[in-house]
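Student: Got a structure for you, upload_1.pdb, holding PDB, C-alpha atoms.
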```pdb
ATOM      1  CA  MET A   1     -21.521   0.691  -3.144
ATOM      2  CA  LYS A   2     -21.738   3.296  -0.432
ATOM      3  CA  ILE A   3     -21.779   2.379   3.240
ATOM      4  CA  MET A   4     -22.793   5.168   5.603
ATOM      5  CA  LEU A   5     -21.999   5.200   9.302
ATOM      6  CA  VAL A   6     -23.906   7.576  11.546
ATOM      7  CA  CYS A   7     -22.863   8.556  15.062
ATOM      8  CA  PHE A   8     -23.082  11.448  17.494
ATOM      9  CA  GLY A   9     -19.836  13.293  16.884
ATOM     10  CA  GLY A  10     -17.727  11.308  14.478
ATOM     11  CA  LEU A  11     -14.377  10.731  16.193
ATOM     12  CA  SER A  12     -14.693   7.030  17.003
ATOM     13  CA  THR A  13     -16.655   6.392  13.832
ATOM     14  CA  SER A  14     -13.955   7.995  11.690
ATOM     15  CA  ILE A  15     -11.459   5.558  13.238
ATOM     16  CA  LEU A  16     -13.800   2.685  12.391
ATOM     17  CA  VAL A  17     -14.172   3.939   8.804
ATOM     18  CA  LYS A  18     -10.392   3.868   8.412
ATOM     19  CA  LYS A  19     -10.236   0.305   9.740
ATOM     20  CA  MET A  20     -13.074  -0.759   7.427
ATOM     21  CA  GLU A  21     -11.327   0.815   4.425
ATOM     22  CA  GLU A  22      -8.111  -0.995   5.355
ATOM     23  CA  ALA A  23      -9.985  -4.309   5.606
ATOM     24  CA  ILE A  24     -11.538  -3.779   2.174
ATOM     25  CA  ALA A  25      -8.179  -2.834   0.637
ATOM     26  CA  ALA A  26      -6.657  -6.034   2.062
ATOM     27  CA  SER A  27      -9.456  -8.225   0.674
ATOM     28  CA  GLU A  28      -8.977  -9.867  -2.711
ATOM     29  CA  LYS A  29     -12.756 -10.237  -2.945
ATOM     30  CA  PHE A  30     -13.687  -6.621  -2.230
ATOM     31  CA  LYS A  31     -10.754  -4.374  -3.102
ATOM     32  CA  ASP A  32     -11.154  -2.354  -6.273
ATOM     33  CA  LYS A  33     -14.948  -2.781  -6.204
ATOM     34  CA  GLY A  34     -15.707   0.900  -5.715
ATOM     35  CA  ILE A  35     -16.852   0.537  -2.125
ATOM     36  CA  THR A  36     -16.951   3.845  -0.287
ATOM     37  CA  ILE A  37     -17.506   4.330   3.402
ATOM     38  CA  GLU A  38     -18.575   7.635   4.890
ATOM     39  CA  ALA A  39     -19.218   8.728   8.461
ATOM     40  CA  TRP A  40     -21.614  11.511   9.346
ATOM     41  CA  GLY A  41     -23.015  12.941  12.516
ATOM     42  CA  LYS A  42     -26.663  12.479  13.447
ATOM     43  CA  ASP A  43     -27.456  16.046  12.478
ATOM     44  CA  GLU A  44     -25.958  15.889   8.981
ATOM     45  CA  TYR A  45     -26.311  12.345   7.637
ATOM     46  CA  SER A  46     -29.640  13.038   5.933
ATOM     47  CA  ASP A  47     -27.940  15.457   3.527
ATOM     48  CA  HIS A  48     -25.642  12.676   2.258
ATOM     49  CA  LEU A  49     -27.966   9.753   1.553
ATOM     50  CA  ASP A  50     -27.564   9.798  -2.238
ATOM     51  CA  ASN A  51     -26.561   6.380  -3.607
ATOM     52  CA  VAL A  52     -26.259   4.828  -0.153
ATOM     53  CA  SER A  53     -26.488   1.013   0.009
ATOM     54  CA  ILE A  54     -26.812   0.738   3.801
ATOM     55  CA  VAL A  55     -26.910   3.000   6.843
ATOM     56  CA  LEU A  56     -25.067   1.721   9.909
ATOM     57  CA  LEU A  57     -25.777   3.396  13.222
ATOM     58  CA  GLY A  58     -23.288   3.558  16.042
ATOM     59  CA  PRO A  59     -24.679   1.736  19.084
ATOM     60  CA  GLN A  60     -25.115   5.053  20.885
ATOM     61  CA  LEU A  61     -27.710   5.987  18.246
ATOM     62  CA  SER A  62     -29.846   2.856  18.556
ATOM     63  CA  MET A  63     -32.688   5.009  19.874
ATOM     64  CA  ALA A  64     -32.737   6.859  16.531
ATOM     65  CA  TYR A  65     -33.218   3.650  14.507
ATOM     66  CA  GLU A  66     -36.894   4.236  13.619
ATOM     67  CA  GLN A  67     -36.273   7.896  12.816
ATOM     68  CA  VAL A  68     -33.440   7.004  10.413
ATOM     69  CA  ILE A  69     -35.646   4.426   8.677
ATOM     70  CA  GLU A  70     -38.348   7.068   8.302
ATOM     71  CA  THR A  71     -35.837   9.574   6.904
ATOM     72  CA  THR A  72     -34.547   7.114   4.292
ATOM     73  CA  LYS A  73     -38.097   6.270   3.221
ATOM     74  CA  GLU A  74     -38.988   9.964   2.972
ATOM     75  CA  ARG A  75     -36.047  10.284   0.563
ATOM     76  CA  GLY A  76     -37.435   7.442  -1.532
ATOM     77  CA  LEU A  77     -34.745   4.998  -0.448
ATOM     78  CA  ASN A  78     -35.338   1.366   0.356
ATOM     79  CA  VAL A  79     -32.036   0.570   2.053
ATOM     80  CA  PRO A  80     -31.241  -1.387   5.189
ATOM     81  CA  VAL A  81     -30.642   0.529   8.390
ATOM     82  CA  GLU A  82     -28.763  -1.414  11.047
ATOM     83  CA  VAL A  83     -27.274  -0.754  14.466
ATOM     84  CA  ILE A  84     -23.640  -1.843  14.699
ATOM     85  CA  ASP A  85     -22.977  -4.509  17.319
ATOM     86  CA  LYS A  86     -21.755  -2.671  20.415
ATOM     87  CA  GLU A  87     -18.878  -5.076  21.094
ATOM     88  CA  ASP A  88     -17.635  -4.915  17.501
ATOM     89  CA  TYR A  89     -17.982  -1.138  17.573
ATOM     90  CA  GLY A  90     -16.218  -0.779  20.913
ATOM     91  CA  ASN A  91     -13.366  -3.008  19.772
ATOM     92  CA  MET A  92     -13.254  -1.434  16.288
ATOM     93  CA  ASN A  93     -13.720  -4.889  14.713
ATOM     94  CA  ALA A  94     -14.073  -3.812  11.095
ATOM     95  CA  VAL A  95     -14.340  -7.253   9.489
ATOM     96  CA  PRO A  96     -17.411  -8.532  11.371
ATOM     97  CA  ILE A  97     -19.102  -5.170  10.861
ATOM     98  CA  LEU A  98     -18.408  -5.360   7.123
ATOM     99  CA  ILE A  99     -19.588  -8.964   6.913
ATOM    100  CA  ALA A 100     -22.868  -8.047   8.615
ATOM    101  CA  ALA A 101     -23.283  -5.012   6.341
ATOM    102  CA  PHE A 102     -22.596  -6.973   3.144
ATOM    103  CA  LYS A 103     -25.087  -9.647   4.240
ATOM    104  CA  LYS A 104     -27.814  -7.033   4.822
ATOM    105  CA  ILE A 105     -27.011  -5.290   1.530
ATOM    106  CA  LYS A 106     -27.264  -8.588  -0.326
ATOM    107  CA  GLU A 107     -30.575  -9.451   1.395
ATOM    108  CA  ALA A 108     -31.977  -6.039   0.498
ATOM    109  CA  GLY A 109     -30.688  -6.130  -3.073
ATOM    110  CA  THR A 110     -29.070  -2.704  -2.729
ATOM    111  CA  ASN A 111     -25.582  -3.801  -3.777
ATOM    112  CA  THR A 112     -24.112  -2.408  -6.960
ATOM    113  CA  PHE A 113     -21.645  -5.167  -7.746
ATOM    114  CA  THR A 114     -21.454  -8.915  -7.675
ATOM    115  CA  THR A 115     -18.768 -11.002  -6.075
ATOM    116  CA  GLU A 116     -19.768 -14.229  -7.797
ATOM    117  CA  GLY A 117     -16.760 -16.222  -8.932
ATOM    118  CA  LYS A 118     -14.256 -13.934  -7.223
TER     119      LYS A 118
END
```
Represent the structure contained in this file as structure tokens.
Tutor:
Amino acid sequence: MKIMLVCFGGLSTSILVKKMEEAIAASEKFKDKGITIEAWGKDEYSDHLDNVSIVLLGPQLSMAYEQVIETTKERGLNVPVEVIDKEDYGNMNAVPILIAAFKKIKEAGTNTFTTEGK
């Protein structure tokens, strides 16, 4: 599973990626499941969409939501695109962001592993 975060520059998002990776590593349910998290700037994300399960936009990019959906569809992808909650983003609350992402991935059927019985 590949989670992509998209923001303007990448500094705050790279901090959030680290916190999300730490939360996954600490989770018995999700560690060792091959989950990768990448952060890209708004001008480069479209070159890295291969195998993505979800695209999460930093709140500052909410105005690009429709454009990102269009870009994923042009690439033949049917993956959820979501704007990260601004309070969770501002507070670097990795767990609620991950929970919301996993829920959307499950709803969309773009996950590559199952957590049943774990």
Student: Is there a way to get, as a ChimeraX atom specification, all residues within 12 Å of the point (-12.1, -4.4, -3.5) in file coordinates, counting all atoms listed in the file?
Tutor: /A:1,20-36,113-115,118
Student: Given only C-alpha atoms as the basis, pick out the residue of A:Ile3, A:Ile15, A:Asp47, A:Lys86 nearest to A:Leu61.
Tutor: A:Lys86
Student: Can you give me, as a PDB file with C-alpha atoms, in the frame of the given file, the residues this file yields under the PyMOL selection byres ((chain A and resi 64) around 12)?
Tutor:
```
ATOM      1  CA  VAL A   6     -23.906   7.576  11.546  1.00  0.00           C
ATOM      2  CA  CYS A   7     -22.863   8.556  15.062  1.00  0.00           C
ATOM      3  CA  PHE A   8     -23.082  11.448  17.494  1.00  0.00           C
ATOM      4  CA  LYS A  42     -26.663  12.479  13.447  1.00  0.00           C
ATOM      5  CA  ASP A  43     -27.456  16.046  12.478  1.00  0.00           C
ATOM      6  CA  VAL A  55     -26.910   3.000   6.843  1.00  0.00           C
ATOM      7  CA  LEU A  56     -25.067   1.721   9.909  1.00  0.00           C
ATOM      8  CA  LEU A  57     -25.777   3.396  13.222  1.00  0.00           C
ATOM      9  CA  GLY A  58     -23.288   3.558  16.042  1.00  0.00           C
ATOM     10  CA  PRO A  59     -24.679   1.736  19.084  1.00  0.00           C
ATOM     11  CA  GLN A  60     -25.115   5.053  20.885  1.00  0.00           C
ATOM     12  CA  LEU A  61     -27.710   5.987  18.246  1.00  0.00           C
ATOM     13  CA  SER A  62     -29.846   2.856  18.556  1.00  0.00           C
ATOM     14  CA  MET A  63     -32.688   5.009  19.874  1.00  0.00           C
ATOM     15  CA  TYR A  65     -33.218   3.650  14.507  1.00  0.00           C
ATOM     16  CA  GLU A  66     -36.894   4.236  13.619  1.00  0.00           C
ATOM     17  CA  GLN A  67     -36.273   7.896  12.816  1.00  0.00           C
ATOM     18  CA  VAL A  68     -33.440   7.004  10.413  1.00  0.00           C
ATOM     19  CA  ILE A  69     -35.646   4.426   8.677  1.00  0.00           C
ATOM     20  CA  GLU A  70     -38.348   7.068   8.302  1.00  0.00           C
ATOM     21  CA  THR A  71     -35.837   9.574   6.904  1.00  0.00           C
ATOM     22  CA  VAL A  81     -30.642   0.529   8.390  1.00  0.00           C
ATOM     23  CA  GLU A  82     -28.763  -1.414  11.047  1.00  0.00           C
ATOM     24  CA  VAL A  83     -27.274  -0.754  14.466  1.00  0.00           C
TER      25      VAL A  83
END
```
Student: If you apply the PyMOL selection byres ((chain A and resi 105) around 10) to this file, what residues do you get, as a tab-separated table (two decimals) with C-alpha atoms, keeping the file's coordinate frame?
Tutor:
```
chain	number	residue	atom	x	y	z
A	1	MET	CA	-21.52	0.69	-3.14
A	3	ILE	CA	-21.78	2.38	3.24
A	53	SER	CA	-26.49	1.01	0.01
A	54	ILE	CA	-26.81	0.74	3.80
A	55	VAL	CA	-26.91	3.00	6.84
A	79	VAL	CA	-32.04	0.57	2.05
A	80	PRO	CA	-31.24	-1.39	5.19
A	81	VAL	CA	-30.64	0.53	8.39
A	99	ILE	CA	-19.59	-8.96	6.91
A	100	ALA	CA	-22.87	-8.05	8.62
A	101	ALA	CA	-23.28	-5.01	6.34
A	102	PHE	CA	-22.60	-6.97	3.14
A	103	LYS	CA	-25.09	-9.65	4.24
A	104	LYS	CA	-27.81	-7.03	4.82
A	106	LYS	CA	-27.26	-8.59	-0.33
A	107	GLU	CA	-30.58	-9.45	1.40
A	108	ALA	CA	-31.98	-6.04	0.50
A	109	GLY	CA	-30.69	-6.13	-3.07
A	110	THR	CA	-29.07	-2.70	-2.73
A	111	ASN	CA	-25.58	-3.80	-3.78
A	112	THR	CA	-24.11	-2.41	-6.96
```
Student: Distance cut-off 10 Å, centre (-14.7, 10.9, 9.6) in file coordinates, counting all atoms listed in the file: which residues qualify? Return them as a ChimeraX atom specification.
Tutor: /A:5-6,9-18,37-41
Student: Which is closest to A:Ser46 among A:Met4, A:Lys19, A:Ile84, A:Ala94, if we use only C-alpha atoms?
Tutor: A:Met4
Student: Report, in Å to a single decimal, how far apart atom CA of A:Glu44 and atom CA of A:Glu87 are.
Tutor: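 Distance reported for this atom pair: 25.2 Å.
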Student: Quote the spacing between atom CA of A:Val95 and atom CA of A:Asn51 in Å to one decimal place.
Tutor: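 Atom CA of A:Val95 sits 22.5 Å away from atom CA of A:Asn51.
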Student: So how many Å separate atom CA of A:Glu74 and atom CA of A:Tyr89, to one decimal?
Tutor: 27.9 Å
Student: Determine the nearest neighbour of A:Gly76 from the options A:Leu49, A:Gly90, A:Ile97, A:Lys2, counting only C-alpha atoms.
Tutor: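 Ranking A:Leu49, A:Gly90, A:Ile97, A:Lys2 by distance to A:Gly76, first place goes to A:Leu49.
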Student: Please, could all heavy atoms be added to stretch 2-13 of chain A and the result written as a PDB file, in the coordinates of the input?
Tutor:
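Final output, saved to result.pdb:
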```pdb
ATOM      1  N   LYS A   2     -22.032   2.279  -1.438  1.00  0.00           N
ATOM      2  CA  LYS A   2     -21.738   3.296  -0.432  1.00  0.00           C
ATOM      3  C   LYS A   2     -22.303   2.844   0.912  1.00  0.00           C
ATOM      4  O   LYS A   2     -23.502   2.600   1.031  1.00  0.00           O
ATOM      5  CB  LYS A   2     -22.354   4.624  -0.851  1.00  0.00           C
ATOM      6  CG  LYS A   2     -22.146   5.772   0.107  1.00  0.00           C
ATOM      7  CD  LYS A   2     -22.744   7.049  -0.492  1.00  0.00           C
ATOM      8  CE  LYS A   2     -22.931   8.153   0.488  1.00  0.00           C
ATOM      9  NZ  LYS A   2     -23.567   9.334  -0.119  1.00  0.00           N
ATOM     10  N   ILE A   3     -21.401   2.730   1.882  1.00  0.00           N
ATOM     11  CA  ILE A   3     -21.779   2.379   3.240  1.00  0.00           C
ATOM     12  C   ILE A   3     -21.701   3.649   4.067  1.00  0.00           C
ATOM     13  O   ILE A   3     -20.675   4.331   4.058  1.00  0.00           O
ATOM     14  CB  ILE A   3     -20.837   1.303   3.811  1.00  0.00           C
ATOM     15  CG1 ILE A   3     -20.919   0.021   2.976  1.00  0.00           C
ATOM     16  CG2 ILE A   3     -21.163   1.032   5.279  1.00  0.00           C
ATOM     17  CD1 ILE A   3     -19.889  -1.026   3.342  1.00  0.00           C
ATOM     18  N   MET A   4     -22.783   3.966   4.767  1.00  0.00           N
ATOM     19  CA  MET A   4     -22.793   5.168   5.603  1.00  0.00           C
ATOM     20  C   MET A   4     -22.857   4.757   7.066  1.00  0.00           C
ATOM     21  O   MET A   4     -23.680   3.943   7.455  1.00  0.00           O
ATOM     22  CB  MET A   4     -23.998   6.041   5.278  1.00  0.00           C
ATOM     23  CG  MET A   4     -24.091   7.264   6.188  1.00  0.00           C
ATOM     24  SD  MET A   4     -25.550   8.271   5.894  1.00  0.00           S
ATOM     25  CE  MET A   4     -25.042   9.112   4.395  1.00  0.00           C
ATOM     26  N   LEU A   5     -21.966   5.351   7.863  1.00  0.00           N
ATOM     27  CA  LEU A   5     -21.999   5.200   9.302  1.00  0.00           C
ATOM     28  C   LEU A   5     -22.490   6.505   9.898  1.00  0.00           C
ATOM     29  O   LEU A   5     -22.089   7.579   9.453  1.00  0.00           O
ATOM     30  CB  LEU A   5     -20.609   4.886   9.849  1.00  0.00           C
ATOM     31  CG  LEU A   5     -20.140   3.434   9.758  1.00  0.00           C
ATOM     32  CD1 LEU A   5     -19.919   3.022   8.323  1.00  0.00           C
ATOM     33  CD2 LEU A   5     -18.880   3.232  10.569  1.00  0.00           C
ATOM     34  N   VAL A   6     -23.353   6.393  10.894  1.00  0.00           N
ATOM     35  CA  VAL A   6     -23.906   7.576  11.546  1.00  0.00           C
ATOM     36  C   VAL A   6     -23.638   7.457  13.048  1.00  0.00           C
ATOM     37  O   VAL A   6     -23.863   6.404  13.644  1.00  0.00           O
ATOM     38  CB  VAL A   6     -25.424   7.713  11.294  1.00  0.00           C
ATOM     39  CG1 VAL A   6     -25.975   8.968  11.945  1.00  0.00           C
ATOM     40  CG2 VAL A   6     -25.727   7.701   9.801  1.00  0.00           C
ATOM     41  N   CYS A   7     -23.148   8.549  13.632  1.00  0.00           N
ATOM     42  CA  CYS A   7     -22.863   8.556  15.062  1.00  0.00           C
ATOM     43  C   CYS A   7     -23.169   9.936  15.625  1.00  0.00           C
ATOM     44  O   CYS A   7     -23.651  10.809  14.913  1.00  0.00           O
ATOM     45  CB  CYS A   7     -21.413   8.184  15.316  1.00  0.00           C
ATOM     46  SG  CYS A   7     -20.265   9.396  14.665  1.00  0.00           S
ATOM     47  N   PHE A   8     -22.850  10.142  16.883  1.00  0.00           N
ATOM     48  CA  PHE A   8     -23.082  11.448  17.494  1.00  0.00           C
ATOM     49  C   PHE A   8     -22.096  12.480  16.980  1.00  0.00           C
ATOM     50  O   PHE A   8     -22.489  13.464  16.382  1.00  0.00           O
ATOM     51  CB  PHE A   8     -23.000  11.375  19.026  1.00  0.00           C
ATOM     52  CG  PHE A   8     -24.294  11.030  19.667  1.00  0.00           C
ATOM     53  CD1 PHE A   8     -24.418   9.850  20.378  1.00  0.00           C
ATOM     54  CD2 PHE A   8     -25.396  11.846  19.569  1.00  0.00           C
ATOM     55  CE1 PHE A   8     -25.618   9.502  20.975  1.00  0.00           C
ATOM     56  CE2 PHE A   8     -26.603  11.518  20.158  1.00  0.00           C
ATOM     57  CZ  PHE A   8     -26.704  10.332  20.871  1.00  0.00           C
ATOM     58  N   GLY A   9     -20.821  12.273  17.218  1.00  0.00           N
ATOM     59  CA  GLY A   9     -19.836  13.293  16.884  1.00  0.00           C
ATOM     60  C   GLY A   9     -18.938  12.952  15.721  1.00  0.00           C
ATOM     61  O   GLY A   9     -18.589  13.804  14.940  1.00  0.00           O
ATOM     62  N   GLY A  10     -18.517  11.707  15.617  1.00  0.00           N
ATOM     63  CA  GLY A  10     -17.727  11.308  14.478  1.00  0.00           C
ATOM     64  C   GLY A  10     -16.324  10.833  14.757  1.00  0.00           C
ATOM     65  O   GLY A  10     -15.715  10.203  13.913  1.00  0.00           O
ATOM     66  N   LEU A  11     -15.767  11.094  15.951  1.00  0.00           N
ATOM     67  CA  LEU A  11     -14.377  10.731  16.193  1.00  0.00           C
ATOM     68  C   LEU A  11     -14.175   9.225  16.166  1.00  0.00           C
ATOM     69  O   LEU A  11     -13.380   8.720  15.375  1.00  0.00           O
ATOM     70  CB  LEU A  11     -13.875  11.311  17.518  1.00  0.00           C
ATOM     71  CG  LEU A  11     -12.416  11.006  17.834  1.00  0.00           C
ATOM     72  CD1 LEU A  11     -11.513  11.555  16.741  1.00  0.00           C
ATOM     73  CD2 LEU A  11     -12.028  11.563  19.177  1.00  0.00           C
ATOM     74  N   SER A  12     -14.893   8.478  16.987  1.00  0.00           N
ATOM     75  CA  SER A  12     -14.693   7.030  17.003  1.00  0.00           C
ATOM     76  C   SER A  12     -15.146   6.407  15.690  1.00  0.00           C
ATOM     77  O   SER A  12     -14.531   5.457  15.197  1.00  0.00           O
ATOM     78  CB  SER A  12     -15.422   6.390  18.185  1.00  0.00           C
ATOM     79  OG  SER A  12     -16.802   6.652  18.126  1.00  0.00           O
ATOM     80  N   THR A  13     -16.177   6.944  15.098  1.00  0.00           N
ATOM     81  CA  THR A  13     -16.655   6.392  13.832  1.00  0.00           C
ATOM     82  C   THR A  13     -15.650   6.635  12.714  1.00  0.00           C
ATOM     83  O   THR A  13     -15.473   5.787  11.854  1.00  0.00           O
ATOM     84  CB  THR A  13     -18.037   6.973  13.482  1.00  0.00           C
ATOM     85  OG1 THR A  13     -18.905   6.744  14.585  1.00  0.00           O
ATOM     86  CG2 THR A  13     -18.617   6.306  12.253  1.00  0.00           C
TER      87      THR A  13
END
```
